[in-house]
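Here is work-v5.cif, consisting of mmCIF, C-alpha atoms and all ligand atoms:
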data_input
loop_
_atom_site.label_atom_id
_atom_site.label_comp_id
_atom_site.auth_asym_id
_atom_site.auth_seq_id
_atom_site.Cartn_x
_atom_site.Cartn_y
_atom_site.Cartn_z
CA MET Q 1 15.74 -21.49 -4.64
CA ALA Q 2 13.32 -18.85 -3.51
CA GLN Q 3 10.47 -20.12 -5.71
CA HIS Q 4 10.22 -23.10 -3.42
CA SER Q 5 10.20 -21.25 -0.11
CA GLU Q 6 6.87 -22.90 0.78
CA HIS Q 7 8.56 -26.34 1.01
CA VAL Q 8 8.36 -28.41 4.17
CA GLY Q 9 11.67 -28.24 6.01
CA MET Q 10 13.53 -27.70 9.25
CA ASN Q 11 11.39 -24.90 10.64
CA ARG Q 12 11.59 -25.18 14.43
CA THR Q 13 9.57 -22.13 15.46
CA GLY Q 14 6.41 -23.82 16.76
CA ILE Q 15 5.61 -24.89 20.27
CA GLN Q 16 5.21 -28.52 19.14
CA MET Q 17 8.96 -28.71 18.52
CA SER Q 18 9.55 -29.04 22.26
CA PRO Q 19 6.82 -30.94 24.13
CA LEU Q 20 8.73 -30.92 27.43
CA ASP Q 21 9.30 -27.18 27.46
CA THR Q 22 5.71 -26.66 26.41
CA LYS Q 23 4.52 -28.66 29.38
CA ALA Q 24 6.78 -26.72 31.73
CA MET Q 25 5.64 -23.41 30.29
CA LEU Q 26 1.98 -24.25 30.65
CA LYS Q 27 2.37 -25.56 34.20
CA ASP Q 28 -0.48 -24.19 36.19
CA ASP Q 29 1.46 -21.65 38.19
CA GLY Q 30 -0.04 -18.68 36.40
CA SER Q 31 3.32 -17.44 35.18
CA ALA Q 32 2.50 -18.09 31.54
CA ARG Q 33 -0.99 -16.69 31.72
CA GLY Q 34 -0.23 -13.06 32.30
CA GLU Q 35 -1.58 -13.10 35.83
CA GLU Q 36 1.55 -11.50 37.20
CA GLY Q 37 1.21 -8.42 35.09
CA ASP Q 38 -0.62 -6.77 32.25
CA GLU Q 39 0.08 -4.16 29.60
CA SER Q 40 -1.04 -1.18 31.61
CA ALA Q 41 2.52 0.03 32.35
CA LEU Q 42 3.24 -0.01 28.61
CA ALA Q 43 0.00 1.84 27.91
CA ASP Q 44 0.90 4.46 30.55
CA VAL Q 45 4.25 5.18 28.89
CA ARG Q 46 2.62 5.36 25.47
CA SER Q 47 -0.12 7.64 26.74
CA SER Q 48 2.31 10.24 28.02
CA TYR Q 49 4.16 10.26 24.69
CA ILE Q 50 0.86 10.55 22.77
CA ALA Q 51 -0.24 13.46 24.95
CA ASP Q 52 3.02 15.34 24.31
CA ALA Q 53 3.37 14.55 20.59
CA GLU Q 54 3.08 17.28 17.99
CA GLY Q 55 1.75 15.35 14.99
CA LEU Q 56 3.48 14.43 11.76
CA GLY Q 57 4.44 17.94 10.67
CA SER Q 58 2.49 20.36 8.52
CA VAL Q 59 1.47 21.20 4.98
CA PRO Q 60 3.91 23.92 3.86
CA LEU Q 61 2.77 27.40 2.95
CA PRO Q 62 3.05 27.98 -0.79
CA GLY Q 63 6.51 29.29 -1.62
CA THR Q 64 5.33 31.63 -4.37
CA ILE Q 65 3.16 34.74 -4.17
CA THR Q 66 0.64 33.38 -6.69
CA GLY Q 67 0.52 30.14 -4.73
CA ALA Q 68 -0.10 31.96 -1.46
CA VAL Q 69 -2.82 34.13 -3.05
CA SER Q 70 -4.49 31.09 -4.62
CA MET Q 71 -4.48 29.26 -1.27
CA GLY Q 72 -5.80 32.33 0.52
CA VAL Q 73 -8.65 32.73 -1.97
CA GLN Q 74 -9.63 29.09 -1.58
CA MET Q 75 -9.61 29.37 2.21
CA LEU Q 76 -11.79 32.47 2.02
CA LYS Q 77 -14.26 30.47 -0.07
CA GLY Q 78 -14.45 28.00 2.80
CA ASP Q 79 -12.37 25.31 1.09
CA SER Q 80 -9.58 23.41 2.78
CA PRO Q 81 -6.82 23.42 0.18
CA GLN Q 82 -4.34 22.15 2.77
CA ILE Q 83 -6.25 18.86 3.07
CA LEU Q 84 -6.24 18.39 -0.70
CA LEU Q 85 -2.53 19.31 -0.87
CA ASP Q 86 -1.75 16.89 1.93
CA LYS Q 87 -3.55 14.04 0.16
CA LEU Q 88 -2.03 14.92 -3.23
CA GLY Q 89 1.38 14.76 -1.54
CA GLU Q 90 0.41 11.40 -0.09
CA ARG Q 91 -0.50 9.88 -3.46
CA LEU Q 92 2.61 11.38 -5.07
CA ALA Q 93 4.81 9.70 -2.46
CA PHE Q 94 3.01 6.39 -2.82
CA GLU Q 95 3.09 6.39 -6.63
CA ARG Q 96 6.84 7.01 -6.51
CA THR Q 97 7.21 4.05 -4.15
CA GLY Q 98 4.90 2.07 -6.45
CA ALA Q 99 7.21 2.63 -9.42
CA ARG Q 100 10.14 1.44 -7.27
CA LEU Q 101 8.22 -1.64 -6.14
CA TYR Q 102 7.63 -2.56 -9.79
CA ASP Q 103 11.29 -1.90 -10.61
CA ALA Q 104 12.23 -4.40 -7.91
CA LEU Q 105 9.64 -6.92 -9.16
CA ILE Q 106 10.87 -6.59 -12.75
CA THR Q 107 14.44 -7.36 -11.61
CA LYS Q 108 13.15 -10.36 -9.69
CA CYS Q 109 11.19 -11.58 -12.72
CA GLU Q 110 14.25 -11.28 -14.95
CA VAL Q 111 15.86 -13.94 -12.76
CA MET Q 112 12.87 -16.05 -11.72
CA LEU Q 113 9.94 -15.79 -14.15
CA ASP Q 114 9.39 -19.26 -15.60
CA GLY Q 115 6.16 -19.13 -17.58
CA GLU Q 116 3.96 -20.60 -14.84
CA ILE Q 117 2.25 -17.25 -14.36
CA SER Q 118 0.50 -15.39 -17.17
CA MET Q 119 2.35 -12.20 -16.12
CA SER Q 120 5.08 -10.89 -18.41
CA ILE Q 121 7.83 -8.35 -17.87
CA GLU Q 122 6.12 -6.15 -20.48
CA ASP Q 123 2.94 -6.19 -18.34
CA LEU Q 124 4.95 -5.05 -15.35
CA GLN Q 125 6.68 -2.33 -17.34
CA ALA Q 126 3.28 -1.04 -18.49
CA ILE Q 127 2.00 -0.83 -14.91
CA ARG Q 128 5.26 0.75 -13.79
CA SER Q 129 4.89 3.46 -16.40
CA ASP Q 130 1.28 4.08 -15.24
CA GLU Q 131 2.58 4.64 -11.70
CA ALA Q 132 5.27 7.01 -12.97
CA ARG Q 133 2.70 8.89 -15.07
CA HIS Q 134 0.40 9.18 -12.04
CA PHE Q 135 3.33 10.64 -10.12
CA LEU Q 136 3.73 13.37 -12.77
CA LEU Q 137 -0.03 13.99 -12.88
CA LEU Q 138 0.00 14.60 -9.13
CA SER Q 139 3.04 16.82 -9.36
CA ASP Q 140 1.20 19.00 -11.93
CA ALA Q 141 -1.96 19.03 -9.80
CA ILE Q 142 -0.02 20.22 -6.73
CA GLU Q 143 1.66 22.96 -8.76
CA SER Q 144 -1.68 24.09 -10.21
CA LEU Q 145 -2.87 24.70 -6.64
CA GLY Q 146 0.24 26.71 -5.79
CA GLY Q 147 1.85 23.88 -3.81
CA ASP Q 148 5.38 22.49 -3.95
CA PRO Q 149 5.45 18.88 -5.21
CA THR Q 150 8.86 18.31 -3.63
CA SER Q 151 7.59 18.97 -0.13
CA GLN Q 152 6.89 16.07 2.23
CA THR Q 153 3.36 16.53 3.56
CA PRO Q 154 2.22 14.78 6.76
CA SER Q 155 0.30 12.12 4.82
CA ALA Q 156 3.27 11.62 2.49
CA ASP Q 157 5.34 10.91 5.57
CA LEU Q 158 2.61 8.54 6.78
CA VAL Q 159 2.50 6.43 3.61
CA GLY Q 160 6.29 6.42 3.49
CA VAL Q 161 6.30 4.63 6.84
CA GLU Q 162 3.36 2.40 5.87
CA SER Q 163 5.03 1.20 2.69
CA MET Q 164 8.42 0.45 4.26
CA GLY Q 165 7.45 -3.19 4.75
CA LEU Q 166 6.40 -3.53 1.12
CA VAL Q 167 9.74 -2.15 -0.07
CA GLN Q 168 11.56 -4.57 2.24
CA VAL Q 169 9.62 -7.54 0.88
CA LEU Q 170 10.33 -6.64 -2.76
CA ASN Q 171 14.00 -5.94 -2.16
CA ASP Q 172 14.63 -9.09 -0.16
CA PRO Q 173 16.49 -11.48 -2.51
CA ARG Q 174 14.92 -14.47 -0.74
CA THR Q 175 11.26 -13.62 -1.44
CA SER Q 176 9.50 -15.64 -4.12
CA LEU Q 177 7.38 -14.20 -6.91
CA ALA Q 178 4.24 -15.21 -5.01
CA GLN Q 179 5.46 -13.45 -1.87
CA SER Q 180 6.46 -10.36 -3.86
CA LEU Q 181 3.07 -10.30 -5.57
CA HIS Q 182 1.38 -10.54 -2.18
CA ALA Q 183 3.08 -7.26 -1.21
CA ILE Q 184 2.20 -5.74 -4.59
CA VAL Q 185 -1.49 -6.63 -4.09
CA THR Q 186 -1.37 -4.72 -0.78
CA ALA Q 187 0.15 -1.71 -2.58
CA GLU Q 188 -2.49 -1.80 -5.31
CA LEU Q 189 -5.31 -2.01 -2.75
CA ALA Q 190 -3.92 1.12 -1.12
CA ASP Q 191 -3.56 2.77 -4.52
CA LYS Q 192 -7.18 2.15 -5.42
CA ALA Q 193 -8.48 3.42 -2.08
CA GLY Q 194 -6.18 6.44 -2.27
CA TRP Q 195 -7.40 7.49 -5.72
CA GLU Q 196 -11.03 7.04 -4.66
CA THR Q 197 -10.41 9.52 -1.85
CA LEU Q 198 -8.67 11.94 -4.21
CA VAL Q 199 -11.51 11.87 -6.74
CA ALA Q 200 -13.98 12.64 -3.93
CA LEU Q 201 -11.79 15.44 -2.54
CA ALA Q 202 -11.26 17.06 -5.95
CA ASP Q 203 -15.01 16.84 -6.52
CA GLU Q 204 -15.67 18.56 -3.21
CA HIS Q 205 -13.34 21.37 -4.28
CA GLU Q 206 -15.16 21.54 -7.65
CA LEU Q 207 -11.94 20.94 -9.57
CA THR Q 208 -13.51 19.34 -12.62
CA ASP Q 209 -10.30 18.73 -14.59
CA MET Q 210 -8.75 16.98 -11.61
CA VAL Q 211 -11.86 14.86 -11.10
CA ASN Q 212 -11.62 13.72 -14.74
CA ASP Q 213 -7.88 13.03 -14.65
CA PHE Q 214 -8.08 11.29 -11.29
CA THR Q 215 -10.97 9.09 -12.43
CA ILE Q 216 -8.85 7.86 -15.33
CA ALA Q 217 -6.01 7.12 -12.88
CA LEU Q 218 -8.45 5.33 -10.55
CA ASN Q 219 -9.64 3.10 -13.38
CA GLU Q 220 -6.04 2.25 -14.23
CA GLU Q 221 -5.43 1.34 -10.60
CA ARG Q 222 -8.51 -0.90 -10.59
CA GLU Q 223 -7.06 -2.68 -13.59
CA HIS Q 224 -3.67 -3.06 -11.86
CA LEU Q 225 -5.36 -4.57 -8.82
CA ALA Q 226 -7.32 -7.09 -10.89
CA LEU Q 227 -4.16 -8.11 -12.77
CA VAL Q 228 -1.82 -8.47 -9.80
CA GLN Q 229 -4.46 -10.36 -7.84
CA THR Q 230 -4.83 -12.82 -10.71
CA TRP Q 231 -1.05 -13.24 -10.99
CA TYR Q 232 -0.76 -13.73 -7.25
CA GLU Q 233 -3.43 -16.43 -7.32
CA GLU Q 234 -1.70 -18.15 -10.22
CA ALA Q 235 1.62 -17.95 -8.35
CA ILE Q 236 0.20 -19.81 -5.35
CA GLY Q 237 -1.21 -22.47 -7.64
CA LEU Q 238 -4.79 -21.34 -8.21
CA THR Q 239 -5.89 -21.45 -11.80
CA TYR Q 240 -7.60 -18.30 -12.92
CA GLY Q 241 -11.30 -18.95 -12.85
CA ASP Q 242 -11.12 -21.32 -9.87
CA VAL Q 243 -12.14 -18.62 -7.46
CA GLU Q 244 -15.71 -17.58 -7.73
CA ILE Q 245 -17.13 -15.40 -5.07
CA GLU Q 246 -20.89 -15.43 -4.96
CA PRO Q 247 -22.42 -11.97 -5.02
CA ASP Q 248 -23.51 -10.98 -1.55
CA GLN Q 249 -27.25 -11.71 -1.47
CA SER Q 250 -28.25 -11.96 2.12
CA GLY Q 251 -25.72 -9.87 3.98
CA PRO Q 252 -23.39 -11.37 6.58
CA ALA Q 253 -22.39 -14.95 7.34
CA ALA Q 254 -22.12 -16.16 3.73
CA THR Q 255 -19.89 -19.21 4.06
CA PRO Q 256 -18.20 -20.76 1.01
FE FE Q 301 -1.10 0.86 -9.35
#

Show me the file's structure as structure tokens.
Amino acid sequence: MAQHSEHVGMNRTGIQMSPLDTKAMLKDDGSARGEEGDESALADVRSSYIADAEGLGSVPLPGTITGAVSMGVQMLKGDSPQILLDKLGERLAFERTGARLYDALITKCEVMLDGEISMSIEDLQAIRSDEARHFLLLSDAIESLGGDPTSQTPSADLVGVESMGLVQVLNDPRTSLAQSLHAIVTAELADKAGWETLVALADEHELTDMVNDFTIALNEEREHLALVQTWYEEAIGLTYGDVEIEPDQSGPAATP
């Protein structure tokens, strides 16, 4: 069963599986060393596409008169409401995906959770409802700036593509709880970083209420990250408390 996907088995992907072919491949004729070509042709094709590309779309103009006036006033003040709207749209898209990731994990846990991890389905439901609440908070924030929360901003599009792999991992019936939690840790890292940016942006726009609300959301995300990281470590067999990272005293090159 998927819990035991780390078992030793018939994996034949490595070069050691075929010593004769390895020898032939590494024969000193240069053919396996890239001497007959490089990646410049690929780079040339990419470069021409990059030069002609138009970017990932745009932040829509507010669809209401009050929205348009509010955006205009902010722009006259020297603010960049479109950047804030773009990033609010980004977090909204990611929080929606986050709720779906937890839905998928909850389903997986209903089949597989066996008491070896301190995580419970109730814990996951609580985090899931935080993500859904954050989604609504962002929707309100976008509306308060005159924006349309149903629009797909460029950064919303970006995180949609970024998180596709996470969604695939969670929805794959073969992935174990540890593997699913690995993807969830990635999502929570992105969540935390995303809210930090939003708090800073709202602060720059002197939107005090948003700064307060977003700071609460950020603290909830920090808690999510700490929890899922602990569960992930338990799932790969580490006991909580085994991992102690020394505070960085001397700068780089601190080896364990
Ligand atoms: Fe989260």

Close residues, Ile216 of chain Q itself excluded, 12 Å, only C-alpha atoms, min 6 positions apart in chain, as a ChimeraX atom specification: /Q:130,133-134,137,192,195-196,198-199,209-210,222-223

Hey, which residues come within 7 Å of ligand FE 301 (chain Q) if we count only C-alpha atoms and all ligand atoms? Could you give them as number ranges by chain? Q: 98, 127, 131, 188, 191, 221, 224-225

Selected residue of minimal separation from Thr64 of chain Q among Q:Ala126, Q:Val169, Q:Leu88, Q:Leu145, counting all atoms listed in the file: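 Closest to Thr64 of chain Q of all the choices is Q:Leu145.
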
Can you report as AutoDock Vina command-line options the centre and edge lengths in Å, to one decimal, of an axis-aligned box around the listed atoms of segment 156-170 of chain Q padded with 6 Å on each side?
--center_x 7.0 --center_y 2.0 --center_z 2.0 --size_x 21.1 --size_y 31.2 --size_z 21.6

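Going from atom CA of Ala217 of chain Q over to atom CA of Gln168 of chain Q, you cover 26.0 Å.
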
Using only C-alpha atoms, which of Q:Gln229, Q:Ser70, Q:Gln16, Q:Thr107 sits nearest Gln125 of chain Q?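 That would be Q:Thr107, the residue with the smallest distance to Gln125 of chain Q.
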
Taking all atoms listed in the file into account, produce a table as a Markdown table in which each residue of segment 178-254 of chain Q with an atom at most 12 Å from an atom of segment 99-103 of chain Q appears once, together with its shortest atom pair and the distance in Å to one decimal, ordered by chain and rising number.
| residue | atom | partner | partner_atom | distance |
| --- | --- | --- | --- | --- |
| Q:Ser180 | CA | Q:Leu101 | CA | 9.2 |
| Q:Leu181 | CA | Q:Tyr102 | CA | 9.9 |
| Q:His182 | CA | Q:Leu101 | CA | 11.9 |
| Q:Ala183 | CA | Q:Leu101 | CA | 9.1 |
| Q:Ile184 | CA | Q:Leu101 | CA | 7.4 |
| Q:Val185 | CA | Q:Leu101 | CA | 11.1 |
| Q:Thr186 | CA | Q:Leu101 | CA | 11.4 |
| Q:Ala187 | CA | Q:Leu101 | CA | 8.8 |
| Q:Glu188 | CA | Q:Leu101 | CA | 10.7 |
| Q:Asp191 | CA | Q:Ala99 | CA | 11.8 |
| Q:His224 | CA | Q:Tyr102 | CA | 11.5 |
| Q:Val228 | CA | Q:Tyr102 | CA | 11.1 |

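Considering all atoms listed in the file, the residue among Q:Thr239, Q:Thr22, Q:Thr197, Q:Thr97 positioned nearest to Thr215 of chain Q is Q:Thr197.
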
Top pick for closest residue to Ala190 of chain Q, considering Q:Ala178, Q:Glu90, Q:Ala141, Q:Asp172 and counting only C-alpha atoms: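 Among the listed residues, Q:Glu90 lies closest to Ala190 of chain Q.
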
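One distance worth recording is that between atom CA of Ala235 of chain Q and atom CA of Glu116 of chain Q, which is 7.4 Å.
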
Please compute the atom CA of Leu76 of chain Q-atom CA of Thr208 of chain Q distance, one decimal, in Å.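 Going from atom CA of Leu76 of chain Q over to atom CA of Thr208 of chain Q, I get 19.7 Å.
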
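Closest approach to Glu6 of chain Q among Q:Val45, Q:Ala24, Q:Leu218, Q:Leu177: Q:Leu177, based on only C-alpha atoms.
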